[in-house]
>>> print(open('target.pdb').read())   # PDB, C-alpha atoms and all ligand atoms
ATOM      1  CA  MET A   1      98.869 118.626  93.607
ATOM      2  CA  LYS A   2      95.747 118.992  91.514
ATOM      3  CA  HIS A   3      92.536 117.206  92.356
ATOM      4  CA  ARG A   4      89.529 118.330  90.387
ATOM      5  CA  TYR A   5      86.345 116.314  90.404
ATOM      6  CA  MET A   6      82.831 116.457  88.993
ATOM      7  CA  ASN A   7      80.739 118.922  90.924
ATOM      8  CA  THR A   8      78.738 116.654  93.262
ATOM      9  CA  PRO A   9      78.315 117.116  97.037
ATOM     10  CA  VAL A  10      80.665 114.223  97.881
ATOM     11  CA  ASN A  11      83.248 115.382  95.349
ATOM     12  CA  ASN A  12      83.041 118.879  96.795
ATOM     13  CA  GLU A  13      83.778 117.384 100.203
ATOM     14  CA  ILE A  14      86.790 115.527  98.781
ATOM     15  CA  GLN A  15      87.977 118.710  97.110
ATOM     16  CA  TRP A  16      87.502 120.604 100.374
ATOM     17  CA  ARG A  17      89.785 118.099 102.122
ATOM     18  CA  TYR A  18      92.458 118.385  99.438
ATOM     19  CA  ASP A  19      92.252 122.172  99.773
ATOM     20  CA  LEU A  20      92.729 121.817 103.534
ATOM     21  CA  LEU A  21      95.719 119.613 102.885
ATOM     22  CA  GLU A  22      97.210 122.376 100.748
ATOM     23  CA  ALA A  23      96.509 124.851 103.544
ATOM     24  CA  ILE A  24      98.490 122.862 106.140
ATOM     25  CA  GLY A  25     101.473 122.184 103.898
ATOM     26  CA  GLY A  26     100.356 120.013 101.003
ATOM     27  CA  GLN A  27     102.320 116.910 102.046
ATOM     28  CA  VAL A  28     101.069 113.448 102.953
ATOM     29  CA  ILE A  29     102.750 114.108 106.332
ATOM     30  CA  ASN A  30     102.772 117.668 107.673
ATOM     31  CA  TYR A  31     104.886 118.195 110.785
ATOM     32  CA  GLY A  32     104.528 120.638 113.651
ATOM     33  CA  ILE A  33     101.044 122.036 113.034
ATOM     34  CA  ASP A  34      99.454 124.266 115.679
ATOM     35  CA  PRO A  35      96.394 122.465 117.201
ATOM     36  CA  ALA A  36      94.455 125.760 117.148
ATOM     37  CA  LEU A  37      94.831 125.786 113.374
ATOM     38  CA  LEU A  38      93.383 122.277 113.159
ATOM     39  CA  GLN A  39      90.361 123.546 115.072
ATOM     40  CA  TYR A  40      90.147 126.606 112.878
ATOM     41  CA  TRP A  41      90.191 124.521 109.685
ATOM     42  CA  ARG A  42      87.710 122.077 111.234
ATOM     43  CA  ILE A  43      90.106 119.189 110.655
ATOM     44  CA  TYR A  44      89.617 118.410 114.311
ATOM     45  CA  GLY A  45      87.067 119.817 116.702
ATOM     46  CA  GLY A  46      86.040 117.348 119.363
ATOM     47  CA  GLN A  47      87.209 115.839 122.601
ATOM     48  CA  GLN A  48      87.163 112.245 121.353
ATOM     49  CA  GLY A  49      89.496 110.218 119.164
ATOM     50  CA  ILE A  50      87.291 110.461 116.098
ATOM     51  CA  TRP A  51      86.035 113.861 114.947
ATOM     52  CA  VAL A  52      82.966 113.840 112.705
ATOM     53  CA  ASP A  53      81.845 117.183 111.326
ATOM     54  CA  LYS A  54      78.194 116.150 111.369
ATOM     55  CA  GLN A  55      76.885 119.611 110.688
ATOM     56  CA  ARG A  56      78.565 119.656 107.305
ATOM     57  CA  THR A  57      78.731 115.981 106.336
ATOM     58  CA  ALA A  58      75.557 114.273 107.679
ATOM     59  CA  ILE A  59      73.648 115.017 104.477
ATOM     60  CA  LEU A  60      76.360 113.382 102.365
ATOM     61  CA  THR A  61      75.750 109.916 103.823
ATOM     62  CA  ASP A  62      72.802 107.526 103.504
ATOM     63  CA  ASP A  63      72.769 106.739 107.215
ATOM     64  CA  GLY A  64      72.996 110.397 108.241
ATOM     65  CA  ARG A  65      76.026 109.630 110.387
ATOM     66  CA  GLY A  66      78.311 111.834 108.378
ATOM     67  CA  LEU A  67      81.983 111.485 107.493
ATOM     68  CA  ALA A  68      84.908 111.398 109.887
ATOM     69  CA  VAL A  69      87.386 114.211 109.245
ATOM     70  CA  GLY A  70      90.189 113.827 111.778
ATOM     71  CA  LEU A  71      91.327 110.907 113.934
ATOM     72  CA  ILE A  72      93.652 111.207 116.902
ATOM     73  CA  HIS A  73      96.299 108.494 117.078
ATOM     74  CA  LYS A  74      97.620 107.762 120.546
ATOM     75  CA  GLY A  75     101.075 106.600 119.559
ATOM     76  CA  ASN A  76     102.085 105.699 123.086
ATOM     77  CA  ILE A  77      99.480 102.925 123.300
ATOM     78  CA  TYR A  78      99.951 101.205 119.953
ATOM     79  CA  PRO A  79     103.440 102.131 118.717
ATOM     80  CA  ASP A  80     103.713  98.964 116.559
ATOM     81  CA  ASP A  81     100.627  99.855 114.603
ATOM     82  CA  PHE A  82     101.771 103.137 113.100
ATOM     83  CA  ASP A  83     104.416 104.385 110.718
ATOM     84  CA  GLU A  84     104.730 106.685 107.721
ATOM     85  CA  THR A  85     102.873 104.220 105.470
ATOM     86  CA  GLY A  86      99.708 103.890 107.532
ATOM     87  CA  VAL A  87      98.027 103.034 110.795
ATOM     88  CA  ILE A  88      96.034 100.171 112.268
ATOM     89  CA  TYR A  89      93.453 102.310 114.031
ATOM     90  CA  HIS A  90      91.593 100.706 116.921
ATOM     91  CA  TYR A  91      87.841 101.262 117.243
ATOM     92  CA  PRO A  92      87.027 103.622 120.107
ATOM     93  CA  VAL A  93      85.776 102.028 123.303
ATOM     94  CA  THR A  94      84.625 104.706 125.677
ATOM     95  CA  ALA A  95      82.377 105.026 128.702
ATOM     96  CA  ARG A  96      79.875 107.017 126.653
ATOM     97  CA  PRO A  97      76.573 105.507 125.466
ATOM     98  CA  PRO A  98      77.554 102.795 122.915
ATOM     99  CA  ALA A  99      75.546 104.507 120.160
ATOM    100  CA  ARG A 100      78.070 107.360 120.114
ATOM    101  CA  ASP A 101      81.011 105.004 119.538
ATOM    102  CA  ILE A 102      79.028 103.183 116.848
ATOM    103  CA  GLY A 103      78.146 106.483 115.175
ATOM    104  CA  GLU A 104      81.803 107.487 115.000
ATOM    105  CA  ILE A 105      82.863 104.058 113.726
ATOM    106  CA  GLU A 106      80.221 104.262 110.989
ATOM    107  CA  ALA A 107      81.420 107.757 110.063
ATOM    108  CA  VAL A 108      84.907 106.323 109.428
ATOM    109  CA  LYS A 109      83.420 103.458 107.396
ATOM    110  CA  ASN A 110      81.494 106.044 105.376
ATOM    111  CA  CYS A 111      84.820 107.564 104.322
ATOM    112  CA  HIS A 112      85.722 104.190 102.838
ATOM    113  CA  ARG A 113      82.313 103.707 101.220
ATOM    114  CA  LEU A 114      82.513 107.092  99.496
ATOM    115  CA  ASN A 115      86.308 107.104  98.916
ATOM    116  CA  VAL A 116      86.726 110.254 100.965
ATOM    117  CA  PRO A 117      90.194 110.859 102.480
ATOM    118  CA  LEU A 118      90.730 111.875 106.119
ATOM    119  CA  PHE A 119      93.382 113.198 108.470
ATOM    120  CA  VAL A 120      95.210 111.316 111.221
ATOM    121  CA  ILE A 121      96.607 113.531 113.953
ATOM    122  CA  LYS A 122      99.412 112.668 116.320
ATOM    123  CA  VAL A 123     101.448 114.548 118.920
ATOM    124  CA  SER A 124     104.344 116.043 116.956
ATOM    125  CA  GLU A 125     107.785 114.514 116.933
ATOM    126  CA  LEU A 126     109.111 118.102 116.941
ATOM    127  CA  ALA A 127     107.297 119.473 120.009
ATOM    128  CA  SER A 128     104.571 118.053 122.235
ATOM    129  CA  SER A 129     102.518 121.257 121.891
ATOM    130  CA  LYS A 130     102.320 120.711 118.104
ATOM    131  CA  ARG A 131     100.706 118.039 115.960
ATOM    132  CA  ASP A 132     101.843 115.986 112.986
ATOM    133  CA  VAL A 133      99.032 115.524 110.483
ATOM    134  CA  TYR A 134      98.857 112.556 108.095
ATOM    135  CA  PHE A 135      96.556 112.318 105.089
ATOM    136  CA  GLY A 136      95.163 109.054 103.790
ATOM    137  CA  TYR A 137      92.357 106.672 102.962
ATOM    138  CA  VAL A 138      90.522 104.016 104.957
ATOM    139  CA  THR A 139      91.448 100.954 102.916
ATOM    140  CA  MET A 140      89.640  98.375 105.072
ATOM    141  CA  TRP A 141      88.068  97.604 108.419
ATOM    142  CA  ASP A 142      87.356  94.483 110.411
ATOM    143  CA  ASP A 143      84.542  94.327 112.960
ATOM    144  CA  ARG A 144      85.914  91.214 114.691
ATOM    145  CA  ALA A 145      89.375  92.668 115.191
ATOM    146  CA  LYS A 146      87.773  96.107 115.751
ATOM    147  CA  VAL A 147      90.262  98.014 113.635
ATOM    148  CA  PHE A 148      90.438 100.217 110.589
ATOM    149  CA  ILE A 149      93.426 100.236 108.330
ATOM    150  CA  ILE A 150      94.262 103.661 107.010
ATOM    151  CA  GLU A 151      96.957 103.967 104.370
ATOM    152  CA  PHE A 152      98.670 107.320 103.996
ATOM    153  CA  GLY A 153      98.857 108.937 100.592
ATOM    154  CA  THR A 154      96.759 110.719  98.009
ATOM    155  CA  SER A 155      94.140 109.164  95.730
ATOM    156  CA  ASP A 156      96.683 107.206  93.660
ATOM    157  CA  ILE A 157      97.123 104.702  96.522
ATOM    158  CA  LEU A 158      93.578 103.499  95.839
ATOM    159  CA  ALA A 159      94.553 102.478  92.333
ATOM    160  CA  ALA A 160      97.838 100.749  93.242
ATOM    161  CA  ASN A 161      97.751  97.091  92.272
ATOM    162  CA  GLN A 162      99.911  94.940  94.505
ATOM    163  CA  GLU A 163      99.673  91.850  92.305
ATOM    164  CA  GLU A 164     101.433  93.528  89.411
ATOM    165  CA  ARG A 165     104.519  94.397  91.410
ATOM    166  CA  LEU A 166     107.564  92.198  90.935
ATOM    167  CA  PHE A 167     107.905  89.741  93.796
ATOM    168  CA  GLU A 168     111.409  89.250  95.149
ATOM    169  CA  LEU A 169     111.822  86.180  97.300
ATOM    170  CA  LYS A 170     114.845  87.625  99.097
ATOM    171  CA  VAL A 171     116.193  91.122  99.517
ATOM    172  CA  LEU A 172     119.567  92.333 100.668
ATOM    173  CA  GLN A 173     119.301  94.225 103.917
ATOM    174  CA  PRO A 174     121.749  96.074 106.116
ATOM    175  CA  LYS A 175     123.175  93.724 108.730
ATOM    176  CA  GLY A 176     123.687  94.666 112.342
ATOM    177  CA  LEU A 177     122.289  98.153 112.039
ATOM    178  CA  TYR A 178     119.040  97.478 113.804
ATOM    179  CA  GLN A 179     117.880  95.303 116.640
ATOM    180  CA  ALA A 180     115.062  92.915 115.781
ATOM    181  CA  THR A 181     112.760  94.629 118.270
ATOM    182  CA  THR A 182     112.876  97.977 116.485
ATOM    183  CA  ARG A 183     113.150  96.766 112.932
ATOM    184  CA  PRO A 184     112.174  99.427 110.414
ATOM    185  CA  GLY A 185     109.214  98.486 108.278
ATOM    186  CA  GLN A 186     107.670  96.344 111.013
ATOM    187  CA  ALA A 187     104.479  98.399 111.237
ATOM    188  CA  ALA A 188     104.323  98.717 107.453
ATOM    189  CA  PHE A 189     104.546  94.929 107.101
ATOM    190  CA  ARG A 190     101.853  94.396 109.749
ATOM    191  CA  ILE A 191      99.553  96.897 108.070
ATOM    192  CA  ALA A 192     100.122  95.405 104.617
ATOM    193  CA  VAL A 193      99.594  91.818 105.818
ATOM    194  CA  PHE A 194      96.376  92.598 107.722
ATOM    195  CA  CYS A 195      95.138  94.615 104.757
ATOM    196  CA  ARG A 196      95.756  91.798 102.295
ATOM    197  CA  TYR A 197      94.455  88.867 104.355
ATOM    198  CA  SER A 198      92.329  90.486 107.106
ATOM    199  CA  PRO A 199      93.354  90.868 110.762
ATOM    200  CA  GLN A 200      92.540  87.316 111.862
ATOM    201  CA  CYS A 201      94.727  84.277 112.408
ATOM    202  CA  ALA A 202      95.108  82.269 109.183
ATOM    203  CA  VAL A 203      94.598  78.920 110.947
ATOM    204  CA  CYS A 204      92.239  79.647 113.866
ATOM    205  CA  GLU A 205      89.481  82.056 114.834
ATOM    206  CA  MET A 206      91.634  84.479 116.839
ATOM    207  CA  ALA A 207      90.895  88.093 115.914
ATOM    208  CA  VAL A 208      92.124  90.009 118.980
ATOM    209  CA  ILE A 209      94.462  92.454 117.302
ATOM    210  CA  GLU A 210      96.879  92.603 120.242
ATOM    211  CA  LEU A 211      97.463  88.842 119.847
ATOM    212  CA  LEU A 212      98.013  88.883 116.092
ATOM    213  CA  ASP A 213     101.389  88.941 114.348
ATOM    214  CA  ALA A 214     102.387  89.379 110.746
ATOM    215  CA  ALA A 215     104.552  86.287 110.209
ATOM    216  CA  HIS A 216     107.119  85.987 107.417
ATOM    217  CA  LEU A 217     107.158  82.903 105.171
ATOM    218  CA  VAL A 218     110.761  83.505 104.182
ATOM    219  CA  SER A 219     112.070  84.819 107.479
ATOM    220  CA  LYS A 220     114.006  88.038 108.019
ATOM    221  CA  ALA A 221     117.018  85.939 109.044
ATOM    222  CA  GLU A 222     116.932  84.415 105.553
ATOM    223  CA  ASP A 223     116.634  87.881 103.971
ATOM    224  CA  GLY A 224     112.903  87.456 103.376
ATOM    225  CA  ASN A 225     111.230  90.636 102.254
ATOM    226  CA  ASP A 226     108.448  92.722 103.781
ATOM    227  CA  ASP A 227     106.115  92.256 100.828
ATOM    228  CA  PRO A 228     102.724  91.141 102.208
ATOM    229  CA  ARG A 229     102.817  88.246  99.726
ATOM    230  CA  ASN A 230     105.650  86.909 101.900
ATOM    231  CA  GLY A 231     103.454  87.063 104.992
ATOM    232  CA  LEU A 232     100.532  85.554 106.839
ATOM    233  CA  PRO A 233      98.551  86.831 109.806
ATOM    234  CA  LEU A 234      99.006  84.393 112.690
ATOM    235  CA  CYS A 235      98.046  84.607 116.352
ATOM    236  CA  ALA A 236     100.931  84.535 118.831
ATOM    237  CA  LEU A 237     100.360  80.828 119.532
ATOM    238  CA  HIS A 238     100.325  79.770 115.897
ATOM    239  CA  HIS A 239     103.212  82.064 114.973
ATOM    240  CA  ARG A 240     105.263  80.181 117.555
ATOM    241  CA  ALA A 241     103.961  76.824 116.306
ATOM    242  CA  PHE A 242     104.765  77.804 112.704
ATOM    243  CA  ASP A 243     108.304  78.812 113.601
ATOM    244  CA  LYS A 244     108.721  75.583 115.623
ATOM    245  CA  CYS A 245     107.741  73.634 112.484
ATOM    246  CA  LEU A 246     104.660  72.145 114.150
ATOM    247  CA  PHE A 247     102.628  72.859 111.036
ATOM    248  CA  ALA A 248     103.124  74.115 107.505
ATOM    249  CA  ILE A 249     101.081  75.257 104.527
ATOM    250  CA  GLU A 250     101.133  72.911 101.523
ATOM    251  CA  PRO A 251     101.692  75.227  98.545
ATOM    252  CA  GLY A 252      99.493  73.421  95.997
ATOM    253  CA  GLY A 253      96.120  73.482  97.751
ATOM    254  CA  PHE A 254      97.031  75.650 100.785
ATOM    255  CA  ALA A 255      96.208  72.771 103.185
ATOM    256  CA  VAL A 256      97.383  73.091 106.782
ATOM    257  CA  GLU A 257      99.653  70.075 107.386
ATOM    258  CA  THR A 258     100.923  68.865 110.735
ATOM    259  CA  LYS A 259     103.652  66.347 111.500
ATOM    260  CA  ARG A 260     102.823  62.683 111.111
ATOM    261  CA  ASN A 261     103.935  62.022 114.690
ATOM    262  CA  GLY A 262     101.897  64.881 116.070
ATOM    263  CA  PRO A 263     100.835  67.089 117.727
ATOM    264  CA  ASP A 264      97.790  67.119 115.472
ATOM    265  CA  ARG A 265      95.581  70.035 114.432
ATOM    266  CA  TYR A 266      93.239  69.553 117.375
ATOM    267  CA  GLU A 267      96.095  69.590 119.873
ATOM    268  CA  LEU A 268      97.485  72.721 118.256
ATOM    269  CA  GLY A 269      94.152  74.542 118.345
ATOM    270  CA  ILE A 270      94.082  74.811 114.552
ATOM    271  CA  THR A 271      90.484  75.082 113.326
ATOM    272  CA  LYS A 272      91.031  75.551 109.594
ATOM    273  CA  ASP A 273      91.872  72.795 107.104
ATOM    274  CA  ALA A 274      93.368  75.182 104.576
ATOM    275  CA  LEU A 275      94.023  78.875 103.926
ATOM    276  CA  GLU A 276      90.856  80.610 102.799
ATOM    277  CA  TYR A 277      92.049  83.652 100.879
ATOM    278  CA  GLU A 278      91.040  85.057  97.541
ATOM    279  CA  MET A 279      94.581  86.358  97.243
ATOM    280  CA  PRO A 280      96.883  83.790  98.888
ATOM    281  CA  PRO A 281     100.587  84.377  99.570
ATOM    282  CA  HIS A 282     103.018  84.310  96.663
ATOM    283  CA  PRO A 283     103.592  80.720  95.392
ATOM    284  CA  SER A 284     107.377  81.037  95.534
ATOM    285  CA  ALA A 285     107.284  82.106  99.192
ATOM    286  CA  LEU A 286     104.960  79.225 100.096
ATOM    287  CA  GLU A 287     107.138  76.723  98.209
ATOM    288  CA  TYR A 288     110.305  78.014  99.842
ATOM    289  CA  ARG A 289     108.791  77.646 103.290
ATOM    290  CA  TRP A 290     107.340  74.204 102.501
ATOM    291  CA  GLU A 291     110.662  72.877 101.244
ATOM    292  CA  ARG A 292     112.373  74.131 104.361
ATOM    293  CA  TRP A 293     109.771  72.351 106.478
ATOM    294  CA  VAL A 294     110.227  69.069 104.629
ATOM    295  CA  ARG A 295     114.035  69.372 104.715
ATOM    296  CA  GLU A 296     114.711  70.660 108.217
ATOM    297  CA  CYS A 297     111.749  69.658 110.248
ATOM    298  CA  GLY A 298     111.098  66.231 108.834
ATOM    299  CA  GLY A 299     107.848  67.545 107.414
ATOM    300  CA  GLU A 300     105.429  64.756 106.706
TER
HETATM  301 ZN    ZN A 401      95.777  81.125 115.623
END
>>> encode(input="target.pdb", output="structure tokens")
Amino acid sequence: MKHRYMNTPVNNEIQWRYDLLEAIGGQVINYGIDPALLQYWRIYGGQQGIWVDKQRTAILTDDGRGLAVGLIHKGNIYPDDFDETGVIYHYPVTARPPARDIGEIEAVKNCHRLNVPLFVIKVSELASSKRDVYFGYVTMWDDRAKVFIIEFGTSDILAANQEERLFELKVLQPKGLYQATTRPGQAAFRIAVFCRYSPQCAVCEMAVIELLDAAHLVSKAEDGNDDPRNGLPLCALHHRAFDKCLFAIEPGGFAVETKRNGPDRYELGITKDALEYEMPPHPSALEYRWERWVRECGGE
């Protein structure tokens, strides 16, 4: 792949990273890389989860904190938050002085600010002595949920416009092949939903990432698709309440409606009157869900 940029220090850094990508295999995912090589190429060089090559990159950033190069993903801790499309990467919380964690977090944010790609490193699926190396961009972060979202791919993913893609209300999917607990695309859907709406509950203030779900408007059982426009971020409590028809989203003005005979919003712990998104879910998904609520659950 060719990536040639204007000759500025940041563009040289981007070019350097694309050259490194070529050196380790040239794919968005490169399997079975020797960790010593990652050290040699300076893709990774620390003891911590986030490796910032400060020596080389500090001068490229306004805050002098540099640019993160490689991030270790501990797949055993957050298996739901990772797949071949991207990762929900949790901010580091270590016993070191807090300024060091903050410095590393800012160095990842700097990659987003300057559109510089980075590497995510994981113990290899081929052999535990090797590493699989993913290449991608930090597409967002959220300080309340304390996560970054990194989408894997080359620079064209930055230009992809979700809104222009055809929205299919329902998709045919293979039946009986997978158990619901290990559904393929689950992490991808979570990542896409949090990216679109932010990793916070749509109807309350909950932003603890471990307690957040990506809920479907048209459910998987009804062949709903994994397009983020068919989703909403909900905390575990409100996901349950949504599926139990205790509230619904009115598709015209996005108001949160509860049943006339209760429980009411206060009893349900709902703190928002309406969805507050610049890019709300797809109208047809909201209407489908609303009609089901009115029909099956008595609605209003
Ligand atoms: Zn909630």
>>> residues_near_point(input="target.pdb", point="(101.0, 119.9, 112.0)", cutoff="10 Å", atoms="all atoms listed in the file", output="PDB file with C-alpha atoms, in the frame of the given file")
ATOM      1  CA  ILE A  24      98.490 122.862 106.140  1.00  0.00           C
ATOM      2  CA  GLY A  25     101.473 122.184 103.898  1.00  0.00           C
ATOM      3  CA  ILE A  29     102.750 114.108 106.332  1.00  0.00           C
ATOM      4  CA  ASN A  30     102.772 117.668 107.673  1.00  0.00           C
ATOM      5  CA  TYR A  31     104.886 118.195 110.785  1.00  0.00           C
ATOM      6  CA  GLY A  32     104.528 120.638 113.651  1.00  0.00           C
ATOM      7  CA  ILE A  33     101.044 122.036 113.034  1.00  0.00           C
ATOM      8  CA  ASP A  34      99.454 124.266 115.679  1.00  0.00           C
ATOM      9  CA  PRO A  35      96.394 122.465 117.201  1.00  0.00           C
ATOM     10  CA  LEU A  37      94.831 125.786 113.374  1.00  0.00           C
ATOM     11  CA  LEU A  38      93.383 122.277 113.159  1.00  0.00           C
ATOM     12  CA  ILE A 121      96.607 113.531 113.953  1.00  0.00           C
ATOM     13  CA  LYS A 122      99.412 112.668 116.320  1.00  0.00           C
ATOM     14  CA  VAL A 123     101.448 114.548 118.920  1.00  0.00           C
ATOM     15  CA  SER A 124     104.344 116.043 116.956  1.00  0.00           C
ATOM     16  CA  GLU A 125     107.785 114.514 116.933  1.00  0.00           C
ATOM     17  CA  LEU A 126     109.111 118.102 116.941  1.00  0.00           C
ATOM     18  CA  LYS A 130     102.320 120.711 118.104  1.00  0.00           C
ATOM     19  CA  ARG A 131     100.706 118.039 115.960  1.00  0.00           C
ATOM     20  CA  ASP A 132     101.843 115.986 112.986  1.00  0.00           C
ATOM     21  CA  VAL A 133      99.032 115.524 110.483  1.00  0.00           C
ATOM     22  CA  TYR A 134      98.857 112.556 108.095  1.00  0.00           C
TER      23      TYR A 134
END
>>> residues_near_ligand(input="target.pdb", ligand="ligand ZN 401 (chain A)", cutoff="7 Å", atoms="all atoms listed in the file", output="VMD selection string")
chain A and resid 201 to 206 234 to 238 270
>>> write_last_selection(input="target.pdb", atoms="C-alpha atoms", output="mmCIF file, in the coordinates of the input")
data_model
loop_
_atom_site.group_PDB
_atom_site.id
_atom_site.type_symbol
_atom_site.label_atom_id
_atom_site.label_comp_id
_atom_site.auth_asym_id
_atom_site.auth_seq_id
_atom_site.Cartn_x
_atom_site.Cartn_y
_atom_site.Cartn_z
ATOM 1 C CA CYS A 201 94.727 84.277 112.408
ATOM 2 C CA ALA A 202 95.108 82.269 109.183
ATOM 3 C CA VAL A 203 94.598 78.920 110.947
ATOM 4 C CA CYS A 204 92.239 79.647 113.866
ATOM 5 C CA GLU A 205 89.481 82.056 114.834
ATOM 6 C CA MET A 206 91.634 84.479 116.839
ATOM 7 C CA LEU A 234 99.006 84.393 112.690
ATOM 8 C CA CYS A 235 98.046 84.607 116.352
ATOM 9 C CA ALA A 236 100.931 84.535 118.831
ATOM 10 C CA LEU A 237 100.360 80.828 119.532
ATOM 11 C CA HIS A 238 100.325 79.770 115.897
ATOM 12 C CA ILE A 270 94.082 74.811 114.552
#
>>> closest_residue(input="target.pdb", among="A:Pro233, A:Asn7, A:Trp290, A:Arg295", to="Leu275 in chain A", atoms="only C-alpha atoms")
A:Pro233
>>> closest_residue(input="target.pdb", among="A:Ile150, A:Leu169, A:Leu286, A:Val208", to="Val87 in chain A", atoms="only C-alpha atoms")
A:Ile150
>>> resolve_selection(input="target.pdb", expression="the PyMOL selection byres (((chain A and resi 240-244) around 10) and not hetatm)", output="list in words")
Ala215, His216, Leu217, Ser219, Leu234, Cys235, Ala236, Leu237, His238, His239, Cys245, Leu246, Phe247, Ala248, Ile249, Thr258, Leu268, Trp293 and Cys297 of chain A
>>> closest_residue(input="target.pdb", among="A:Pro228, A:Asp142, A:Val69, A:Asp213", to="Trp16 in chain A", atoms="only C-alpha atoms")
A:Val69
>>> atom_distance(input="target.pdb", atom1="CA of Leu60 in chain A", atom2="CA of Pro9 in chain A")
6.8 Å
>>> atom_distance(input="target.pdb", atom1="CA of Arg96 in chain A", atom2="CA of Arg65 in chain A")
16.9 Å
>>> resolve_selection(input="target.pdb", expression="the PyMOL selection byres (((chain A and resi 197) around 8) and not hetatm)", output="PyMOL selection string")
chain A and resi 193-196+198-200+232-233+277+279-280
>>> decode(input="target.pdb", residues="range 242-254 of chain A", atoms="N, CA, C and O atoms", output="PDB file, in the first residue's frame")
ATOM      1  N   PHE A 242     -35.668  -2.135  29.011  1.00  0.00           N
ATOM      2  CA  PHE A 242     -36.059  -1.932  27.603  1.00  0.00           C
ATOM      3  C   PHE A 242     -36.635  -3.224  27.031  1.00  0.00           C
ATOM      4  O   PHE A 242     -37.684  -3.222  26.393  1.00  0.00           O
ATOM      5  N   ASP A 243     -35.945  -4.325  27.289  1.00  0.00           N
ATOM      6  CA  ASP A 243     -36.406  -5.613  26.778  1.00  0.00           C
ATOM      7  C   ASP A 243     -37.673  -6.092  27.473  1.00  0.00           C
ATOM      8  O   ASP A 243     -38.434  -6.887  26.928  1.00  0.00           O
ATOM      9  N   LYS A 244     -37.913  -5.614  28.700  1.00  0.00           N
ATOM     10  CA  LYS A 244     -39.154  -5.957  29.427  1.00  0.00           C
ATOM     11  C   LYS A 244     -40.264  -4.961  29.097  1.00  0.00           C
ATOM     12  O   LYS A 244     -41.287  -4.917  29.785  1.00  0.00           O
ATOM     13  N   CYS A 245     -40.024  -4.105  28.117  1.00  0.00           N
ATOM     14  CA  CYS A 245     -41.042  -3.142  27.659  1.00  0.00           C
ATOM     15  C   CYS A 245     -41.431  -2.135  28.738  1.00  0.00           C
ATOM     16  O   CYS A 245     -42.556  -1.629  28.744  1.00  0.00           O
ATOM     17  N   LEU A 246     -40.553  -1.846  29.668  1.00  0.00           N
ATOM     18  CA  LEU A 246     -40.890  -0.876  30.714  1.00  0.00           C
ATOM     19  C   LEU A 246     -40.730   0.559  30.226  1.00  0.00           C
ATOM     20  O   LEU A 246     -41.236   1.488  30.833  1.00  0.00           O
ATOM     21  N   PHE A 247     -39.990   0.733  29.139  1.00  0.00           N
ATOM     22  CA  PHE A 247     -39.951   2.048  28.500  1.00  0.00           C
ATOM     23  C   PHE A 247     -39.671   1.860  27.009  1.00  0.00           C
ATOM     24  O   PHE A 247     -39.304   0.763  26.573  1.00  0.00           O
ATOM     25  N   ALA A 248     -39.874   2.922  26.265  1.00  0.00           N
ATOM     26  CA  ALA A 248     -39.595   2.877  24.829  1.00  0.00           C
ATOM     27  C   ALA A 248     -39.202   4.271  24.377  1.00  0.00           C
ATOM     28  O   ALA A 248     -39.353   5.247  25.108  1.00  0.00           O
ATOM     29  N   ILE A 249     -38.659   4.339  23.163  1.00  0.00           N
ATOM     30  CA  ILE A 249     -38.243   5.626  22.602  1.00  0.00           C
ATOM     31  C   ILE A 249     -39.243   6.005  21.504  1.00  0.00           C
ATOM     32  O   ILE A 249     -39.417   5.267  20.533  1.00  0.00           O
ATOM     33  N   GLU A 250     -39.881   7.155  21.688  1.00  0.00           N
ATOM     34  CA  GLU A 250     -40.877   7.625  20.704  1.00  0.00           C
ATOM     35  C   GLU A 250     -40.099   8.134  19.482  1.00  0.00           C
ATOM     36  O   GLU A 250     -39.222   8.996  19.627  1.00  0.00           O
ATOM     37  N   PRO A 251     -40.378   7.592  18.297  1.00  0.00           N
ATOM     38  CA  PRO A 251     -39.498   7.844  17.155  1.00  0.00           C
ATOM     39  C   PRO A 251     -39.528   9.276  16.600  1.00  0.00           C
ATOM     40  O   PRO A 251     -38.568   9.693  15.959  1.00  0.00           O
ATOM     41  N   GLY A 252     -40.593  10.024  16.849  1.00  0.00           N
ATOM     42  CA  GLY A 252     -40.674  11.376  16.302  1.00  0.00           C
ATOM     43  C   GLY A 252     -39.715  12.346  16.981  1.00  0.00           C
ATOM     44  O   GLY A 252     -38.897  12.994  16.344  1.00  0.00           O
ATOM     45  N   GLY A 253     -39.812  12.439  18.303  1.00  0.00           N
ATOM     46  CA  GLY A 253     -38.992  13.402  19.045  1.00  0.00           C
ATOM     47  C   GLY A 253     -37.976  12.743  19.955  1.00  0.00           C
ATOM     48  O   GLY A 253     -37.328  13.405  20.752  1.00  0.00           O
ATOM     49  N   PHE A 254     -37.860  11.415  19.884  1.00  0.00           N
ATOM     50  CA  PHE A 254     -36.897  10.630  20.676  1.00  0.00           C
ATOM     51  C   PHE A 254     -37.176  10.698  22.179  1.00  0.00           C
ATOM     52  O   PHE A 254     -36.272  10.510  22.991  1.00  0.00           O
TER      53      PHE A 254
END
